[in-house]
Structure formats: structure tokens, C-alpha cells
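What follows is the content of structure-v4.pdb, which has PDB, C-alpha atoms and all ligand atoms:
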ATOM      1  CA  MET D   1       7.317 -52.166 111.932
ATOM      2  CA  HIS D   2       8.625 -50.021 109.147
ATOM      3  CA  GLN D   3       6.933 -46.651 108.820
ATOM      4  CA  LEU D   4       6.434 -44.313 105.899
ATOM      5  CA  ILE D   5       8.968 -41.518 106.348
ATOM      6  CA  LYS D   6       7.593 -38.015 106.625
ATOM      7  CA  LEU D   7       8.874 -35.520 104.097
ATOM      8  CA  ASN D   8      10.716 -32.448 105.396
ATOM      9  CA  TYR D   9       8.817 -30.426 102.829
ATOM     10  CA  ASP D  10       5.364 -29.975 101.318
ATOM     11  CA  TYR D  11       4.165 -31.805  98.234
ATOM     12  CA  THR D  12       4.129 -28.405  96.498
ATOM     13  CA  ALA D  13       7.754 -27.626  97.387
ATOM     14  CA  LEU D  14       9.296 -28.938  94.171
ATOM     15  CA  GLU D  15       6.899 -27.058  91.892
ATOM     16  CA  PRO D  16       7.085 -26.109  89.091
ATOM     17  CA  TYR D  17       9.526 -28.928  88.306
ATOM     18  CA  LEU D  18       7.901 -31.857  90.069
ATOM     19  CA  ASP D  19       4.177 -31.393  90.568
ATOM     20  CA  ALA D  20       2.308 -31.681  93.847
ATOM     21  CA  ALA D  21      -0.229 -34.244  92.606
ATOM     22  CA  THR D  22       2.493 -36.677  91.527
ATOM     23  CA  MET D  23       4.429 -36.073  94.752
ATOM     24  CA  GLU D  24       1.377 -36.778  96.888
ATOM     25  CA  ILE D  25       0.378 -39.987  95.096
ATOM     26  CA  HIS D  26       3.969 -41.154  94.866
ATOM     27  CA  HIS D  27       4.657 -40.681  98.581
ATOM     28  CA  SER D  28       1.293 -41.332 100.224
ATOM     29  CA  LYS D  29       0.170 -44.207  97.954
ATOM     30  CA  HIS D  30       3.069 -45.880  96.128
ATOM     31  CA  HIS D  31       5.660 -45.513  98.874
ATOM     32  CA  GLN D  32       3.105 -46.389 101.581
ATOM     33  CA  THR D  33       2.247 -49.578  99.704
ATOM     34  CA  TYR D  34       5.891 -50.670  99.728
ATOM     35  CA  VAL D  35       6.019 -50.051 103.483
ATOM     36  CA  ASP D  36       2.834 -52.076 104.056
ATOM     37  CA  LYS D  37       3.961 -54.949 101.851
ATOM     38  CA  LEU D  38       7.389 -55.027 103.455
ATOM     39  CA  ASN D  39       5.799 -55.293 106.888
ATOM     40  CA  GLN D  40       3.581 -58.132 105.625
ATOM     41  CA  ALA D  41       6.555 -59.941 104.073
ATOM     42  CA  LEU D  42       8.450 -59.616 107.382
ATOM     43  CA  GLU D  43       5.632 -61.103 109.464
ATOM     44  CA  LYS D  44       7.120 -64.577 109.321
ATOM     45  CA  PHE D  45      10.667 -63.348 110.024
ATOM     46  CA  PRO D  46      10.655 -61.841 113.532
ATOM     47  CA  GLU D  47      14.465 -61.962 113.602
ATOM     48  CA  LEU D  48      14.602 -59.592 110.625
ATOM     49  CA  GLN D  49      12.096 -57.105 112.003
ATOM     50  CA  THR D  50      14.642 -55.320 114.177
ATOM     51  CA  LEU D  51      16.993 -54.558 111.264
ATOM     52  CA  ASN D  52      16.758 -51.124 109.741
ATOM     53  CA  ILE D  53      16.042 -51.038 106.038
ATOM     54  CA  GLU D  54      19.678 -50.544 105.000
ATOM     55  CA  GLU D  55      20.848 -53.453 107.166
ATOM     56  CA  LEU D  56      18.102 -55.679 105.798
ATOM     57  CA  LEU D  57      19.010 -55.025 102.161
ATOM     58  CA  THR D  58      22.741 -55.290 102.748
ATOM     59  CA  LYS D  59      22.350 -58.698 104.421
ATOM     60  CA  ILE D  60      19.458 -60.146 102.486
ATOM     61  CA  LYS D  61      21.427 -62.235  99.992
ATOM     62  CA  SER D  62      23.439 -63.911 102.753
ATOM     63  CA  LEU D  63      20.398 -65.036 104.746
ATOM     64  CA  ASN D  64      19.605 -68.283 102.909
ATOM     65  CA  LEU D  65      15.915 -67.466 102.572
ATOM     66  CA  ASN D  66      13.891 -69.319  99.999
ATOM     67  CA  PRO D  67      14.029 -67.485  96.661
ATOM     68  CA  GLN D  68      10.420 -66.315  96.807
ATOM     69  CA  ASP D  69      10.770 -64.753 100.271
ATOM     70  CA  GLN D  70      14.110 -63.230  99.345
ATOM     71  CA  GLN D  71      12.649 -61.657  96.213
ATOM     72  CA  ALA D  72       9.668 -60.244  98.132
ATOM     73  CA  LEU D  73      11.991 -58.574 100.636
ATOM     74  CA  ILE D  74      14.203 -57.240  97.829
ATOM     75  CA  ASN D  75      11.164 -55.811  96.017
ATOM     76  CA  PHE D  76       9.367 -54.280  98.974
ATOM     77  CA  GLY D  77      12.459 -53.429 101.030
ATOM     78  CA  GLY D  78      14.023 -51.840  97.964
ATOM     79  CA  GLY D  79      10.798 -49.938  97.336
ATOM     80  CA  VAL D  80      10.997 -48.504 100.842
ATOM     81  CA  ALA D  81      14.732 -47.688 100.856
ATOM     82  CA  ASN D  82      14.887 -46.298  97.317
ATOM     83  CA  HIS D  83      12.012 -43.895  97.902
ATOM     84  CA  ASN D  84      13.389 -42.835 101.320
ATOM     85  CA  PHE D  85      16.603 -41.875  99.576
ATOM     86  CA  PHE D  86      14.878 -40.202  96.617
ATOM     87  CA  TRP D  87      12.834 -37.886  98.908
ATOM     88  CA  GLN D  88      15.939 -37.091 100.917
ATOM     89  CA  ILE D  89      18.088 -36.023  97.962
ATOM     90  CA  LEU D  90      15.227 -33.956  96.527
ATOM     91  CA  ASP D  91      14.768 -31.998  99.768
ATOM     92  CA  PRO D  92      14.597 -28.351  98.641
ATOM     93  CA  HIS D  93      16.425 -27.339 101.846
ATOM     94  CA  ASN D  94      19.535 -29.174 100.638
ATOM     95  CA  GLN D  95      22.597 -27.068  99.885
ATOM     96  CA  PRO D  96      25.053 -27.803  97.082
ATOM     97  CA  ASN D  97      27.371 -30.555  98.314
ATOM     98  CA  GLU D  98      30.864 -29.371  97.440
ATOM     99  CA  GLN D  99      32.568 -32.595  98.390
ATOM    100  CA  LEU D 100      30.243 -34.601  96.182
ATOM    101  CA  GLN D 101      30.719 -32.131  93.339
ATOM    102  CA  GLN D 102      34.483 -32.451  93.704
ATOM    103  CA  GLU D 103      34.372 -36.250  93.645
ATOM    104  CA  ILE D 104      32.125 -36.189  90.587
ATOM    105  CA  THR D 105      34.439 -33.774  88.784
ATOM    106  CA  THR D 106      37.473 -35.906  89.634
ATOM    107  CA  THR D 107      35.821 -39.075  88.316
ATOM    108  CA  PHE D 108      33.856 -37.810  85.329
ATOM    109  CA  GLY D 109      35.818 -34.690  84.322
ATOM    110  CA  SER D 110      33.001 -32.189  84.821
ATOM    111  CA  LEU D 111      29.585 -31.880  86.404
ATOM    112  CA  ASP D 112      28.033 -31.358  82.984
ATOM    113  CA  PHE D 113      29.563 -34.535  81.592
ATOM    114  CA  PHE D 114      28.425 -36.442  84.678
ATOM    115  CA  LYS D 115      24.868 -35.131  84.248
ATOM    116  CA  GLU D 116      24.920 -36.204  80.623
ATOM    117  CA  LYS D 117      26.014 -39.744  81.550
ATOM    118  CA  PHE D 118      23.524 -40.045  84.407
ATOM    119  CA  THR D 119      20.733 -38.696  82.193
ATOM    120  CA  GLN D 120      21.627 -41.271  79.556
ATOM    121  CA  ALA D 121      21.433 -44.074  82.135
ATOM    122  CA  ALA D 122      18.022 -42.826  83.300
ATOM    123  CA  LEU D 123      16.712 -42.291  79.790
ATOM    124  CA  SER D 124      17.874 -45.564  78.294
ATOM    125  CA  HIS D 125      16.760 -47.779  81.180
ATOM    126  CA  PHE D 126      14.160 -50.146  79.735
ATOM    127  CA  GLY D 127      11.032 -50.514  81.819
ATOM    128  CA  SER D 128      10.661 -49.722  85.503
ATOM    129  CA  GLY D 129      13.700 -48.946  87.610
ATOM    130  CA  TRP D 130      16.138 -46.389  88.910
ATOM    131  CA  ALA D 131      19.331 -44.684  87.762
ATOM    132  CA  TRP D 132      22.076 -44.289  90.351
ATOM    133  CA  LEU D 133      25.312 -42.616  91.209
ATOM    134  CA  VAL D 134      26.949 -44.838  93.810
ATOM    135  CA  LYS D 135      30.207 -45.326  95.615
ATOM    136  CA  ASP D 136      31.335 -48.921  95.220
ATOM    137  CA  GLN D 137      33.258 -51.036  97.705
ATOM    138  CA  GLU D 138      36.549 -49.673  96.334
ATOM    139  CA  GLN D 139      35.280 -46.127  96.973
ATOM    140  CA  LYS D 140      34.956 -45.477  93.240
ATOM    141  CA  LEU D 141      31.980 -43.629  91.793
ATOM    142  CA  GLN D 142      29.814 -45.507  89.323
ATOM    143  CA  ILE D 143      26.711 -44.680  87.294
ATOM    144  CA  TYR D 144      24.270 -47.480  86.491
ATOM    145  CA  SER D 145      20.598 -48.316  86.474
ATOM    146  CA  THR D 146      18.710 -51.059  88.302
ATOM    147  CA  SER D 147      15.432 -52.751  87.412
ATOM    148  CA  ASN D 148      12.273 -52.801  89.465
ATOM    149  CA  GLN D 149      13.183 -51.922  93.073
ATOM    150  CA  ASP D 150      16.681 -53.396  93.151
ATOM    151  CA  SER D 151      18.851 -51.304  95.471
ATOM    152  CA  PRO D 152      22.619 -50.716  95.180
ATOM    153  CA  LEU D 153      22.722 -51.768  98.854
ATOM    154  CA  LEU D 154      22.275 -55.349  97.593
ATOM    155  CA  LEU D 155      25.750 -55.009  96.038
ATOM    156  CA  GLY D 156      27.257 -53.285  99.062
ATOM    157  CA  HIS D 157      27.306 -49.961  97.182
ATOM    158  CA  THR D 158      26.452 -46.626  98.796
ATOM    159  CA  PRO D 159      23.859 -44.535  96.927
ATOM    160  CA  LEU D 160      24.893 -40.909  96.300
ATOM    161  CA  LEU D 161      22.169 -39.807  93.859
ATOM    162  CA  THR D 162      19.170 -41.434  92.259
ATOM    163  CA  ILE D 163      16.191 -40.868  90.018
ATOM    164  CA  ASP D 164      13.053 -42.973  89.951
ATOM    165  CA  VAL D 165      12.180 -43.806  86.344
ATOM    166  CA  TRP D 166       9.073 -45.869  87.033
ATOM    167  CA  GLU D 167       6.226 -44.295  85.046
ATOM    168  CA  HIS D 168       4.400 -43.519  88.313
ATOM    169  CA  ALA D 169       7.184 -41.000  88.995
ATOM    170  CA  TYR D 170       6.306 -38.850  86.000
ATOM    171  CA  TYR D 171       3.364 -40.060  83.926
ATOM    172  CA  LEU D 172       0.728 -37.783  85.448
ATOM    173  CA  LYS D 173       2.555 -34.607  84.444
ATOM    174  CA  PHE D 174       4.918 -35.667  81.665
ATOM    175  CA  GLN D 175       3.080 -38.717  80.227
ATOM    176  CA  ASN D 176       5.632 -40.606  78.131
ATOM    177  CA  ARG D 177       8.198 -37.789  78.116
ATOM    178  CA  ARG D 178      10.801 -39.242  80.455
ATOM    179  CA  ALA D 179      13.488 -36.885  79.105
ATOM    180  CA  GLU D 180      11.448 -33.854  80.182
ATOM    181  CA  PHE D 181      10.990 -35.356  83.645
ATOM    182  CA  ILE D 182      14.753 -35.843  83.946
ATOM    183  CA  THR D 183      15.428 -32.226  82.943
ATOM    184  CA  ASN D 184      13.009 -31.086  85.639
ATOM    185  CA  TYR D 185      14.635 -33.413  88.168
ATOM    186  CA  TRP D 186      17.953 -31.632  87.579
ATOM    187  CA  SER D 187      16.221 -28.293  88.104
ATOM    188  CA  ALA D 188      14.695 -29.473  91.382
ATOM    189  CA  LEU D 189      17.895 -31.055  92.706
ATOM    190  CA  LYS D 190      19.908 -28.711  94.932
ATOM    191  CA  LEU D 191      22.840 -31.014  95.770
ATOM    192  CA  ILE D 192      24.826 -30.512  92.575
TER     193      ILE D 192
HETATM  194 MN    MN M   1       8.490 -44.615  92.761
END

What do you get writing this file as C-alpha cells?
Amino acid sequence: MHQLIKLNYDYTALEPYLDAATMEIHHSKHHQTYVDKLNQALEKFPELQTLNIEELLTKIKSLNLNPQDQQALINFGGGVANHNFFWQILDPHNQPNEQLQQEITTTFGSLDFFKEKFTQAALSHFGSGWAWLVKDQEQKLQIYSTSNQDSPLLLGHTPLLTIDVWEHAYYLKFQNRRAEFITNYWSALKLI
């Protein structure tokens, strides 16, 4: 059984940038629902129940499941893994990651230019989804967005940073102002 991960910090810890009410609903309701639905979708696949979430998503497309079952596991498994990663990178105890900063600077020229490109990916994504900084299979950094709960793990990419741009991630505090949410995300993020 997959479990909802506990946060290493309080729902209030990212105030004033990300508000406690959104954090609580997002983690205890939305994320919990993905966990519950993933467990339901896995009921008929005992052989997949022992895989951790990263293994499941990495392998899923090679398993020859019927398309409906595969899509359910991509949606709910992605919902679990993406949120796990989002809470982890937002941990206020995180320290600036100098190696990551160096790799970003090498690839994109500067941290500021990287932030601009990532922000653009998050802002221009149409509908529900996520923006990502990943390391691809050739160890190159890439920025892109994915729809719904699609995870870069499906492509064999390693997530380095992400932002959730589903409306549930920001609507309560920022309503339709996704740009303002992204600005506050950068303020909350300690890694870079
Ligand atoms: Mn979300």
C-alpha cells in the first residue's frame, strides 16, 4: 500500500508565500486522493504493489497493460510521485544546492535566465499540469511542462525542480493569478 508522505514541516511553514490553507487542502485532500486511487488501481495488480512509486512509473509503459489500466496508473501514480517531489523541494529546511546551481548556470547561462525560462514554461502551460527542470538520459538539463499528472519518470528523466500549476495549487489564495503564485514559489524555494 502506498501511503501519503508526511511533510517535514508545518502547513504554515511556507507563509507568507504559500498559504497554510492551500497547503493543508493540497496535501491532506488532493494528494491523499491520488494515494487512495493509486492503491485502488493497483488492487488487481499484486505484482506491481511491491514496486516503489518511481519504479512503477519508470516501468509502466513497458508492462503491456491495457490502455485504460495504464492510464489510471500514470494519472494516480504520477499524482503521488509529483506531489511527493513538490513537497520535498519546497522543504524550508533545504539549503541552496550549489551543485545544482552550477549545472543550471552552465546550461542556461545564469540562474536568472533559467528562472525566466522555467517561469515561462509554468506560465504558458495550458490547463492542468506541471513545469519541470529535469536531467535527461544524456545527463542534459531540460525545461518543459507536462499535462495532467504525467511524470518525467515516464520518459526516464530525473526531476530536479518542479512547480504544480493545477489551479488547486494556487486558486484559493491567488485565484487566476498564476504569475503571482510562481513569483511566490521562487520566494519559498530555498534550493536555488
Ligand atoms: Mn497538486

Rank D:Val80, D:Ala121, D:Ala41, D:Leu73 by their smallest atom-to-atom distance to ligand MN 1 (chain M), using only C-alpha atoms and all ligand atoms, and report the top residue only.
D:Val80

Rows by chain and residue number, chain D within 10 Å of ligand MN 1 (chain M), shortest pair, only C-alpha atoms and all ligand atoms, as a Markdown table:
| residue | atom | partner | partner_atom | distance |
| --- | --- | --- | --- | --- |
| D:Met23 | CA | M:MN1 | MN | 9.7 |
| D:Ile25 | CA | M:MN1 | MN | 9.6 |
| D:His26 | CA | M:MN1 | MN | 6.1 |
| D:His27 | CA | M:MN1 | MN | 8.0 |
| D:Lys29 | CA | M:MN1 | MN | 9.8 |
| D:His30 | CA | M:MN1 | MN | 6.5 |
| D:His31 | CA | M:MN1 | MN | 6.8 |
| D:Tyr34 | CA | M:MN1 | MN | 9.6 |
| D:Gly79 | CA | M:MN1 | MN | 7.4 |
| D:Val80 | CA | M:MN1 | MN | 9.3 |
| D:Asn82 | CA | M:MN1 | MN | 8.0 |
| D:His83 | CA | M:MN1 | MN | 6.3 |
| D:Phe86 | CA | M:MN1 | MN | 8.7 |
| D:Ser128 | CA | M:MN1 | MN | 9.1 |
| D:Gly129 | CA | M:MN1 | MN | 8.5 |
| D:Trp130 | CA | M:MN1 | MN | 8.7 |
| D:Asn148 | CA | M:MN1 | MN | 9.6 |
| D:Gln149 | CA | M:MN1 | MN | 8.7 |
| D:Ile163 | CA | M:MN1 | MN | 9.0 |
| D:Asp164 | CA | M:MN1 | MN | 5.6 |
| D:Val165 | CA | M:MN1 | MN | 7.4 |
| D:Trp166 | CA | M:MN1 | MN | 5.9 |
| D:Glu167 | CA | M:MN1 | MN | 8.0 |
| D:His168 | CA | M:MN1 | MN | 6.1 |
| D:Ala169 | CA | M:MN1 | MN | 5.4 |
| D:Tyr170 | CA | M:MN1 | MN | 9.1 |

Serialized selection, C-alpha atoms, as a short mmCIF file (atom, residue, chain, number, x, y, z; two decimals), in the frame of the given file:
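Wrote part.cif, looks like this:
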data_model
loop_
_atom_site.label_atom_id
_atom_site.label_comp_id
_atom_site.auth_asym_id
_atom_site.auth_seq_id
_atom_site.Cartn_x
_atom_site.Cartn_y
_atom_site.Cartn_z
CA MET D 23 4.43 -36.07 94.75
CA ILE D 25 0.38 -39.99 95.10
CA HIS D 26 3.97 -41.15 94.87
CA HIS D 27 4.66 -40.68 98.58
CA LYS D 29 0.17 -44.21 97.95
CA HIS D 30 3.07 -45.88 96.13
CA HIS D 31 5.66 -45.51 98.87
CA TYR D 34 5.89 -50.67 99.73
CA GLY D 79 10.80 -49.94 97.34
CA VAL D 80 11.00 -48.50 100.84
CA ASN D 82 14.89 -46.30 97.32
CA HIS D 83 12.01 -43.90 97.90
CA PHE D 86 14.88 -40.20 96.62
CA SER D 128 10.66 -49.72 85.50
CA GLY D 129 13.70 -48.95 87.61
CA TRP D 130 16.14 -46.39 88.91
CA ASN D 148 12.27 -52.80 89.46
CA GLN D 149 13.18 -51.92 93.07
CA ILE D 163 16.19 -40.87 90.02
CA ASP D 164 13.05 -42.97 89.95
CA VAL D 165 12.18 -43.81 86.34
CA TRP D 166 9.07 -45.87 87.03
CA GLU D 167 6.23 -44.30 85.05
CA HIS D 168 4.40 -43.52 88.31
CA ALA D 169 7.18 -41.00 89.00
CA TYR D 170 6.31 -38.85 86.00
#

Here's the selection I'm unsure about, the PyMOL selection byres (((chain D and resi 173) around 10) and not hetatm); applied to the file above, which residues does it give, as an mmCIF file with C-alpha atoms, keeping the file's coordinate frame?
data_model
loop_
_atom_site.group_PDB
_atom_site.id
_atom_site.type_symbol
_atom_site.label_atom_id
_atom_site.label_comp_id
_atom_site.auth_asym_id
_atom_site.auth_seq_id
_atom_site.Cartn_x
_atom_site.Cartn_y
_atom_site.Cartn_z
ATOM 1 C CA TYR D 17 9.526 -28.928 88.306
ATOM 2 C CA LEU D 18 7.901 -31.857 90.069
ATOM 3 C CA ASP D 19 4.177 -31.393 90.568
ATOM 4 C CA ALA D 20 2.308 -31.681 93.847
ATOM 5 C CA ALA D 21 -0.229 -34.244 92.606
ATOM 6 C CA THR D 22 2.493 -36.677 91.527
ATOM 7 C CA HIS D 168 4.400 -43.519 88.313
ATOM 8 C CA ALA D 169 7.184 -41.000 88.995
ATOM 9 C CA TYR D 170 6.306 -38.850 86.000
ATOM 10 C CA TYR D 171 3.364 -40.060 83.926
ATOM 11 C CA LEU D 172 0.728 -37.783 85.448
ATOM 12 C CA PHE D 174 4.918 -35.667 81.665
ATOM 13 C CA GLN D 175 3.080 -38.717 80.227
ATOM 14 C CA ASN D 176 5.632 -40.606 78.131
ATOM 15 C CA ARG D 177 8.198 -37.789 78.116
ATOM 16 C CA GLU D 180 11.448 -33.854 80.182
ATOM 17 C CA PHE D 181 10.990 -35.356 83.645
#

Just say which residues the PyMOL selection byres (((chain D and resi 94) around 12) and not hetatm) picks in this file, as a PyMOL selection string.
chain D and resi 8-9+87-93+95-98+188-192

Evaluate the PyMOL selection byres (((chain D and resi 1) around 8) and not hetatm) against this structure - the residues, as a compact mmCIF listing (two decimals) with C-alpha atoms, keeping the file's coordinate frame, please.
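What follows is the written file expr30.txt:
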# COMPACT_ATOMS: atom_id res chain seq x y z
CA HIS D 2 8.62 -50.02 109.15
CA GLN D 3 6.93 -46.65 108.82
CA ASN D 39 5.80 -55.29 106.89
CA GLN D 49 12.10 -57.10 112.00

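From CA of Thr146 in chain D back to CA of Leu7 in chain D, the distance works out to 24.2 Å.
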
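Distance check against Thr183 in chain D using all atoms listed in the file: of D:Lys44, D:Lys59, D:Lys140, D:Lys115, the minimum falls on D:Lys115.
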
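Across the structure, CA of Glu24 in chain D and CA of Lys6 in chain D are spaced 11.6 Å apart.
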
With 5 Å on each side, where is the centre of the axis-aligned box around all listed atoms of range 183-188 of chain D, and how long are its edges in Å to one decimal, as JSON?
{"center_x": 15.5, "center_y": -30.9, "center_z": 87.2, "size_x": 14.9, "size_y": 15.1, "size_z": 18.4}
